[in-house]
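Participant: Pasting coords-v3.tsv here (TSV, C-alpha atoms):
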```
chain	number	residue	atom	x	y	z
B	1	MET	CA	12.86	15.14	15.25
B	2	ARG	CA	9.94	13.06	16.55
B	3	ILE	CA	6.74	12.77	14.55
B	4	LEU	CA	3.41	11.21	15.48
B	5	GLY	CA	1.87	9.46	12.47
B	6	ILE	CA	-1.89	8.84	12.14
B	7	GLU	CA	-3.19	6.55	9.38
B	8	THR	CA	-6.98	6.26	8.93
B	9	SER	CA	-7.43	6.18	5.15
B	10	CYS	CA	-9.51	3.02	4.98
B	11	ASP	CA	-10.09	0.13	7.39
B	12	ASP	CA	-6.89	0.07	9.48
B	13	THR	CA	-6.11	2.47	12.31
B	14	GLY	CA	-2.34	2.92	12.39
B	15	ILE	CA	-0.48	5.02	14.95
B	16	SER	CA	3.30	5.38	15.15
B	17	ILE	CA	5.99	7.63	16.56
B	18	TYR	CA	9.13	8.03	14.44
B	19	ASP	CA	12.42	9.53	15.58
B	20	ASP	CA	14.85	10.56	12.84
B	21	LYS	CA	17.78	9.34	14.97
B	22	ALA	CA	16.40	6.30	16.81
B	23	GLY	CA	13.84	5.14	14.21
B	24	ILE	CA	10.44	3.77	15.22
B	25	LEU	CA	9.72	4.37	18.91
B	26	ALA	CA	6.20	2.92	18.88
B	27	ASN	CA	3.96	1.33	16.27
B	28	HIS	CA	0.35	0.26	16.86
B	29	LEU	CA	-2.24	-1.07	14.43
B	30	TYR	CA	-5.88	-1.97	14.79
B	31	SER	CA	-7.38	-3.99	11.92
B	32	GLN	CA	-11.09	-3.88	11.15
B	33	VAL	CA	-11.11	-7.19	9.26
B	34	LYS	CA	-13.61	-8.81	11.64
B	35	THR	CA	-15.93	-5.82	11.33
B	36	HIS	CA	-16.13	-5.96	7.54
B	37	SER	CA	-15.68	-9.67	6.77
B	38	ASP	CA	-19.38	-10.44	7.20
B	39	TYR	CA	-20.17	-7.95	4.43
B	40	GLY	CA	-17.58	-9.18	1.95
B	41	GLY	CA	-16.06	-5.71	1.70
B	42	ILE	CA	-15.49	-2.44	3.52
B	43	VAL	CA	-18.54	-0.57	4.84
B	44	PRO	CA	-17.39	3.09	4.94
B	45	GLU	CA	-19.66	4.17	7.80
B	46	LEU	CA	-18.53	1.30	10.02
B	47	ALA	CA	-14.90	2.05	9.17
B	48	SER	CA	-15.30	5.67	10.28
B	49	ARG	CA	-16.95	4.67	13.55
B	50	ASP	CA	-14.16	2.25	14.40
B	51	HIS	CA	-11.53	4.92	13.72
B	52	ILE	CA	-13.37	7.24	16.11
B	53	ARG	CA	-13.27	4.58	18.83
B	54	LYS	CA	-9.67	3.44	18.31
B	55	THR	CA	-7.52	6.40	17.25
B	56	ILE	CA	-7.19	8.22	20.59
B	57	PRO	CA	-6.55	5.05	22.67
B	58	LEU	CA	-3.87	3.96	20.20
B	59	ILE	CA	-2.19	7.38	20.36
B	60	GLN	CA	-2.19	7.15	24.16
B	61	ALA	CA	-0.68	3.66	23.97
B	62	ALA	CA	2.02	4.80	21.54
B	63	LEU	CA	3.01	7.77	23.73
B	64	LYS	CA	3.15	5.50	26.78
B	65	GLU	CA	5.31	2.93	24.99
B	66	ALA	CA	7.70	5.64	23.76
B	67	LYS	CA	7.70	7.29	27.21
B	68	LEU	CA	6.78	10.63	25.65
B	69	THR	CA	4.16	13.34	25.97
B	70	GLY	CA	2.77	15.64	23.31
B	71	GLN	CA	5.30	18.28	24.33
B	72	ASP	CA	8.13	15.91	23.35
B	73	LEU	CA	6.98	15.76	19.72
B	74	ASP	CA	7.94	18.00	16.81
B	75	GLY	CA	4.90	17.46	14.60
B	76	VAL	CA	1.73	15.48	13.91
B	77	ALA	CA	1.39	13.80	10.50
B	78	TYR	CA	-1.91	12.40	9.31
B	79	THR	CA	-3.19	10.81	6.11
B	80	ALA	CA	-5.10	13.46	4.15
B	81	GLY	CA	-5.90	11.27	1.13
B	82	PRO	CA	-6.60	9.41	-0.99
B	83	GLY	CA	-9.07	7.16	0.83
B	84	LEU	CA	-12.57	7.00	2.29
B	85	VAL	CA	-13.68	10.52	3.10
B	86	GLY	CA	-15.22	9.64	6.48
B	87	SER	CA	-12.17	7.70	7.61
B	88	LEU	CA	-9.82	10.44	6.42
B	89	LEU	CA	-11.79	13.08	8.32
B	90	VAL	CA	-11.37	11.19	11.60
B	91	GLY	CA	-7.58	11.16	11.35
B	92	ALA	CA	-7.39	14.71	10.01
B	93	SER	CA	-9.64	16.08	12.75
B	94	ILE	CA	-7.73	14.36	15.53
B	95	GLY	CA	-4.35	15.20	14.02
B	96	LYS	CA	-5.16	18.89	13.58
B	97	SER	CA	-6.70	19.10	17.05
B	98	LEU	CA	-3.68	17.57	18.74
B	99	ALA	CA	-1.34	19.83	16.77
B	100	PHE	CA	-3.33	22.86	17.93
B	101	ALA	CA	-3.41	21.69	21.56
B	102	TRP	CA	0.31	20.87	21.62
B	103	ASP	CA	1.32	23.92	19.53
B	104	LEU	CA	2.90	21.73	16.85
B	105	PRO	CA	2.87	21.78	13.05
B	106	ALA	CA	0.30	19.49	11.40
B	107	ILE	CA	1.50	17.74	8.23
B	108	PRO	CA	-0.98	16.29	5.71
B	109	VAL	CA	0.47	13.15	4.10
B	110	HIS	CA	-0.39	11.51	0.80
B	111	HIS	CA	-1.24	7.88	1.50
B	112	MET	CA	0.57	6.57	-1.59
B	113	GLU	CA	3.68	8.61	-0.82
B	114	GLY	CA	3.61	6.92	2.58
B	115	HIS	CA	3.66	3.51	0.88
B	116	LEU	CA	6.33	4.62	-1.57
B	117	LEU	CA	8.59	5.70	1.28
B	118	ALA	CA	7.88	2.65	3.50
B	119	PRO	CA	11.11	0.91	2.34
B	120	MET	CA	13.00	3.89	3.81
B	121	LEU	CA	12.09	2.47	7.23
B	122	GLU	CA	14.51	-0.40	6.60
B	123	ASP	CA	18.27	-0.37	7.23
B	124	ASN	CA	18.84	-1.16	3.55
B	125	SER	CA	16.97	1.83	2.14
B	126	PRO	CA	16.32	2.52	-1.57
B	127	HIS	CA	18.54	4.45	-3.95
B	128	PHE	CA	17.26	7.14	-6.30
B	129	PRO	CA	16.36	7.54	-9.09
B	130	CYS	CA	14.17	4.46	-9.27
B	131	VAL	CA	10.89	3.02	-10.49
B	132	ALA	CA	8.22	2.39	-7.85
B	133	LEU	CA	5.48	-0.22	-8.18
B	134	LEU	CA	2.67	0.74	-5.81
B	135	VAL	CA	0.12	-2.05	-5.32
B	136	SER	CA	-2.10	-1.01	-2.45
B	137	GLY	CA	-5.85	-1.50	-2.12
B	138	GLY	CA	-7.51	0.25	-5.04
B	139	HIS	CA	-4.19	1.38	-6.57
B	140	THR	CA	-1.83	-0.24	-9.03
B	141	GLN	CA	0.68	2.34	-10.26
B	142	LEU	CA	4.14	2.62	-11.76
B	143	ILE	CA	5.95	5.81	-10.72
B	144	ALA	CA	9.28	7.26	-11.88
B	145	VAL	CA	10.94	8.60	-8.73
B	146	THR	CA	13.76	11.06	-9.37
B	147	SER	CA	14.04	11.89	-5.66
B	148	ILE	CA	11.68	12.07	-2.69
B	149	GLY	CA	8.84	14.36	-3.72
B	150	ARG	CA	9.58	14.25	-7.46
B	151	TYR	CA	7.24	11.72	-9.03
B	152	GLN	CA	6.02	11.00	-12.54
B	153	LEU	CA	3.12	8.62	-13.16
B	154	LEU	CA	4.18	6.10	-15.81
B	155	GLY	CA	1.13	3.84	-15.77
B	156	GLU	CA	-1.79	2.72	-13.65
B	157	SER	CA	-4.75	0.36	-13.61
B	158	LEU	CA	-7.53	1.45	-15.94
B	159	ASP	CA	-10.11	-0.53	-13.96
B	160	ASP	CA	-9.65	-3.04	-11.13
B	161	ALA	CA	-6.45	-2.88	-9.11
B	162	ALA	CA	-4.34	-5.99	-8.47
B	163	GLY	CA	-5.22	-6.10	-4.77
B	164	GLU	CA	-8.96	-5.78	-5.46
B	165	SER	CA	-8.73	-8.62	-7.97
B	166	PHE	CA	-6.93	-10.90	-5.49
B	167	ASP	CA	-9.64	-10.28	-2.89
B	168	LYS	CA	-12.49	-10.82	-5.37
B	169	ILE	CA	-11.18	-14.13	-6.69
B	170	ALA	CA	-10.47	-15.26	-3.14
B	171	GLN	CA	-14.13	-14.60	-2.33
B	172	LEU	CA	-15.27	-16.64	-5.32
B	173	LEU	CA	-13.02	-19.47	-4.14
B	174	GLY	CA	-14.74	-19.35	-0.75
B	175	LEU	CA	-11.72	-17.98	1.12
B	176	GLY	CA	-13.53	-15.07	2.77
B	177	TYR	CA	-12.63	-11.38	2.88
B	178	PRO	CA	-10.00	-10.09	2.63
B	179	GLY	CA	-8.65	-13.22	1.01
B	180	GLY	CA	-5.63	-12.15	-1.03
B	181	ALA	CA	-3.14	-13.61	1.45
B	182	MET	CA	-5.16	-16.82	1.78
B	183	LEU	CA	-5.31	-17.17	-2.03
B	184	SER	CA	-1.51	-17.01	-2.15
B	185	LYS	CA	-1.30	-19.58	0.62
B	186	ILE	CA	-3.46	-22.19	-1.12
B	187	ALA	CA	-1.72	-21.42	-4.43
B	188	GLN	CA	1.38	-23.05	-2.93
B	189	GLN	CA	-0.51	-26.37	-3.15
B	190	GLY	CA	-1.55	-25.82	-6.77
B	191	LYS	CA	-0.42	-27.89	-9.76
B	192	LYS	CA	1.50	-25.77	-12.20
B	193	GLY	CA	0.19	-25.82	-15.77
B	194	ARG	CA	-3.30	-27.20	-15.20
B	195	PHE	CA	-4.81	-23.77	-15.84
B	196	PHE	CA	-3.38	-20.85	-17.78
B	197	PHE	CA	-4.86	-17.37	-17.45
B	198	PRO	CA	-4.19	-14.42	-19.80
B	199	ARG	CA	-1.62	-11.74	-18.99
B	200	PRO	CA	-3.63	-8.58	-19.69
B	201	MET	CA	-2.22	-5.71	-21.79
B	202	ILE	CA	1.34	-7.04	-21.98
B	203	ASP	CA	1.26	-6.72	-25.78
B	204	ARG	CA	0.73	-2.96	-25.53
B	205	PRO	CA	3.71	-0.59	-25.37
B	206	ASP	CA	2.26	1.57	-22.59
B	207	LEU	CA	2.63	0.89	-18.86
B	208	ASN	CA	-1.04	0.77	-17.88
B	209	PHE	CA	-2.77	-2.21	-16.28
B	210	SER	CA	-6.19	-3.81	-16.55
B	211	PHE	CA	-7.30	-6.68	-14.34
B	212	SER	CA	-11.08	-6.72	-14.91
B	213	GLY	CA	-10.85	-9.15	-17.85
B	214	LEU	CA	-8.51	-11.45	-15.95
B	215	LYS	CA	-10.90	-11.39	-13.01
B	216	THR	CA	-13.80	-12.36	-15.29
B	217	PHE	CA	-11.74	-15.15	-16.88
B	218	ALA	CA	-10.92	-16.53	-13.43
B	219	ALA	CA	-14.55	-16.23	-12.30
B	220	ASN	CA	-15.73	-18.20	-15.34
B	221	THR	CA	-13.10	-20.87	-14.68
B	222	ILE	CA	-14.28	-21.22	-11.08
B	223	ARG	CA	-17.89	-21.51	-12.27
B	224	ASP	CA	-17.06	-24.21	-14.85
B	225	HIS	CA	-15.07	-26.53	-12.58
B	226	GLN	CA	-15.82	-28.62	-9.53
B	227	ALA	CA	-14.86	-26.78	-6.36
B	228	ASP	CA	-12.69	-29.46	-4.73
B	229	ASN	CA	-9.65	-28.35	-2.75
B	230	GLN	CA	-7.09	-29.26	-5.41
B	231	THR	CA	-8.98	-27.44	-8.16
B	232	ARG	CA	-9.28	-24.35	-6.00
B	233	ALA	CA	-5.54	-24.46	-5.35
B	234	ASP	CA	-4.79	-24.92	-9.07
B	235	ILE	CA	-6.99	-21.95	-10.00
B	236	ALA	CA	-5.42	-19.82	-7.26
B	237	LEU	CA	-1.95	-20.64	-8.58
B	238	ALA	CA	-2.88	-19.82	-12.18
B	239	PHE	CA	-4.43	-16.51	-11.14
B	240	GLU	CA	-1.48	-15.54	-8.96
B	241	GLU	CA	0.95	-16.40	-11.76
B	242	ALA	CA	-1.00	-14.22	-14.20
B	243	VAL	CA	-1.01	-11.19	-11.90
B	244	VAL	CA	2.64	-11.59	-10.89
B	245	ASP	CA	3.82	-12.09	-14.48
B	246	THR	CA	1.88	-9.02	-15.62
B	247	LEU	CA	3.33	-6.83	-12.88
B	248	THR	CA	6.84	-8.16	-13.54
B	249	ILE	CA	6.64	-7.55	-17.30
B	250	LYS	CA	5.41	-3.99	-16.80
B	251	CYS	CA	8.11	-3.25	-14.20
B	252	LYS	CA	10.78	-4.49	-16.58
B	253	ARG	CA	9.38	-2.30	-19.35
B	254	ALA	CA	9.32	0.74	-17.04
B	255	LEU	CA	12.96	0.17	-16.10
B	256	GLU	CA	13.92	-0.14	-19.76
B	257	GLN	CA	12.10	3.09	-20.66
B	258	THR	CA	13.57	5.10	-17.78
B	259	GLY	CA	17.01	3.52	-17.69
B	260	PHE	CA	16.82	3.30	-13.89
B	261	LYS	CA	18.56	0.48	-12.02
B	262	TYR	CA	16.50	0.35	-8.84
B	263	LEU	CA	12.95	-0.74	-8.09
B	264	ILE	CA	10.71	-0.07	-5.08
B	265	ILE	CA	7.73	-2.36	-4.47
B	266	ALA	CA	5.26	-1.25	-1.81
B	267	GLY	CA	1.65	-1.68	-0.73
B	268	GLY	CA	-0.34	-4.69	0.47
B	269	VAL	CA	0.32	-6.86	-2.61
B	270	ALA	CA	4.07	-6.23	-2.15
B	271	ASP	CA	3.88	-8.81	0.64
B	272	ASN	CA	3.11	-11.52	-1.95
B	273	LEU	CA	6.01	-13.98	-1.81
B	274	GLN	CA	5.87	-14.91	-5.50
B	275	LEU	CA	5.88	-11.26	-6.57
B	276	ARG	CA	8.82	-10.45	-4.28
B	277	THR	CA	10.76	-13.46	-5.60
B	278	ASN	CA	10.09	-12.72	-9.27
B	279	LEU	CA	10.99	-9.04	-9.03
B	280	ALA	CA	14.11	-9.68	-6.94
B	281	VAL	CA	15.36	-12.23	-9.49
B	282	MET	CA	14.50	-9.93	-12.39
B	283	MET	CA	16.42	-7.04	-10.82
B	284	GLU	CA	19.41	-9.24	-10.03
B	285	ASN	CA	19.53	-10.41	-13.65
B	286	ARG	CA	19.47	-6.76	-14.76
B	287	GLY	CA	22.31	-5.83	-12.43
B	288	GLY	CA	20.00	-3.70	-10.29
B	289	LYS	CA	18.23	-4.12	-6.98
B	290	ALA	CA	14.70	-4.36	-5.63
B	291	PHE	CA	13.65	-2.79	-2.34
B	292	PHE	CA	10.70	-4.00	-0.25
B	293	PRO	CA	9.32	-2.96	3.13
B	294	ARG	CA	8.96	-5.72	5.71
B	295	SER	CA	5.55	-7.41	5.84
B	296	GLU	CA	4.11	-5.24	8.63
B	297	PHE	CA	4.84	-2.10	6.60
B	298	CYS	CA	3.33	-3.40	3.34
B	299	THR	CA	-0.19	-2.91	4.67
B	300	ASP	CA	-1.47	0.46	5.89
B	301	ASN	CA	0.44	1.64	8.96
B	302	GLY	CA	1.27	4.75	10.95
B	303	ALA	CA	5.05	4.42	10.62
B	304	MET	CA	5.07	5.21	6.91
B	305	ILE	CA	2.87	8.27	7.55
B	306	ALA	CA	5.14	9.48	10.35
B	307	TYR	CA	8.22	9.07	8.13
B	308	ALA	CA	6.64	10.82	5.13
B	309	GLY	CA	5.44	13.59	7.45
B	310	MET	CA	8.93	14.02	8.86
B	311	VAL	CA	10.40	14.40	5.36
B	312	ARG	CA	7.77	16.99	4.42
B	313	LEU	CA	8.19	18.91	7.68
B	314	LYS	CA	11.96	19.09	7.24
B	315	HIS	CA	11.28	20.83	3.93
B	316	GLY	CA	9.00	23.33	5.63
B	317	ILE	CA	5.68	21.86	4.51
B	318	ASN	CA	2.77	22.11	6.93
B	319	LEU	CA	-0.64	23.70	6.68
B	320	ASN	CA	-2.96	25.85	8.78
B	321	LEU	CA	-5.58	24.32	11.04
B	322	ILE	CA	-8.32	24.13	8.40
B	323	ILE	CA	-9.41	20.49	8.26
B	324	SER	CA	-9.28	19.32	4.65
B	325	VAL	CA	-8.97	15.89	3.06
B	326	ARG	CA	-8.78	14.66	-0.53
B	327	PRO	CA	-10.47	11.30	-1.24
B	328	ARG	CA	-8.95	11.52	-4.75
B	329	TRP	CA	-5.43	12.91	-4.87
B	330	PRO	CA	-2.96	12.31	-7.74
B	331	LEU	CA	0.54	11.66	-6.44
B	332	GLU	CA	1.96	14.07	-9.01
B	333	ASP	CA	0.03	16.94	-7.39
B	334	LEU	CA	2.29	16.84	-4.32
B	335	PRO	CA	4.52	19.90	-3.81
B	336	LYS	CA	8.05	19.29	-5.06
B	337	LEU	CA	10.68	19.15	-2.32
```
Could you express the structure from this file as structure tokens?
Facilitator:
Amino acid sequence: MRILGIETSCDDTGISIYDDKAGILANHLYSQVKTHSDYGGIVPELASRDHIRKTIPLIQAALKEAKLTGQDLDGVAYTAGPGLVGSLLVGASIGKSLAFAWDLPAIPVHHMEGHLLAPMLEDNSPHFPCVALLVSGGHTQLIAVTSIGRYQLLGESLDDAAGESFDKIAQLLGLGYPGGAMLSKIAQQGKKGRFFFPRPMIDRPDLNFSFSGLKTFAANTIRDHQADNQTRADIALAFEEAVVDTLTIKCKRALEQTGFKYLIIAGGVADNLQLRTNLAVMMENRGGKAFFPRSEFCTDNGAMIAYAGMVRLKHGINLNLIISVRPRWPLEDLPKL
């Protein structure tokens, strides 16, 4: 089975072709970072326009690389939500149109299920049941995964997500947008122990997160100290440690509550080296195992959408040609497989 995956949920245009025997046949990504960096954040209208310009050429490039035509495919998967409504509509419209023209099933994919299943693209794929930590863009969630398609929300951010907080503090440190990766880079030069930031909500028994207070604490610290390079690095380190410790503590608690031995970490923040190290060590000490996607599949990409679409199609899930997207879409609302 060969599936074309189209990812246009936010500010990255991702196109991929996945073969259930041979794996990824083509994978292309266009990032809009340069478009939005001048504004310090994503401008939805500009994001939609870029998707309109880039999606078809990237599909053509992917088909050429894989030496395939539309008639060689078995389905077209596209991100139907959650995300920016304009961006979602571009991918959904193109995906449905191609499916109609090629007489193929069109499969709407949940963006967060795509991230959750991204580690399945690796040779060492996850075991179920497991806990999944999804840290992507505006989402920070802990999910109990009994099997693919059977998800229970254990906890989520009540305000700012981890990724949003990384980008905001990076901006305040003068690192530009998006600056989460740059914040982690300069944190490597920081002096441990000079600053200590709170670990929000770790004294509560639930599995929810809150990063708005931590973000404010960090912003006040930046305001009250001289912005030399070493101080910026020290603040970056303290902030990163606070976020990573909080996520690690909550993951451990989720594993204890569920009794599961395996952990999936996916989404853009999953590429953070300190987070990967801490969670891998924690799982090893517990006699379990952590599963991560490679760096290129932590951020938004078409391969994860193609894979999730393939799984859904194999279970007979595809919709008619009515174009519909869901900017807000709880993961638990997905049909059980």
Participant: Taking 3 positions as the minimum chain separation for residues in the same chain, which residues sit within 8 Å of stretch 244-258 of chain B when counting only C-alpha atoms? Answer as a list in words.
Facilitator: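 Non-adjacent residues within range: Val131, Leu133, Leu142, Ala144, Leu154, Arg199, Pro200, Ile202, Leu207, Glu240, Glu241, Lys261, Gln274, Leu275, Asn278, Leu279 and Met282 of chain B.
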Participant: Restricting the calculation to all atoms listed in the file, which member of B:Val109, B:Met310, B:Leu121, B:Leu25 is positioned closest to B:Lys64?
Facilitator: B:Leu25
Participant: Just to confirm, what's the straight-line distance from atom CA of B:Pro327 to atom CA of B:Val85 in Å (one decimal)?
Facilitator: 5.5 Å
Participant: In Å, how far is it from atom CA of B:Lys191 to atom CA of B:Asp160?
Facilitator: 26.5 Å
Participant: So which one's closest to B:Gly179, B:Tyr78, B:Gly41, B:Thr55, B:Asn220? Using only C-alpha atoms, please.
Facilitator: B:Gly41
Participant: My list of candidates is B:Lys34, B:Val243, B:Thr79, B:Lys54. Which is closest to B:Ser210 when distances are computed with all atoms listed in the file?
Facilitator: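 For B:Ser210, the nearest of the given residues is B:Val243.
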Participant: Mind giving me the axis-aligned box for stretch 259-276 of chain B with 4 Å on every side, centre plus edges in Å to one decimal, as AutoDock Vina command-line options?
Facilitator:
```
--center_x 9.1 --center_y -5.7 --center_z -8.5 --size_x 26.9 --size_y 26.4 --size_z 26.3
```
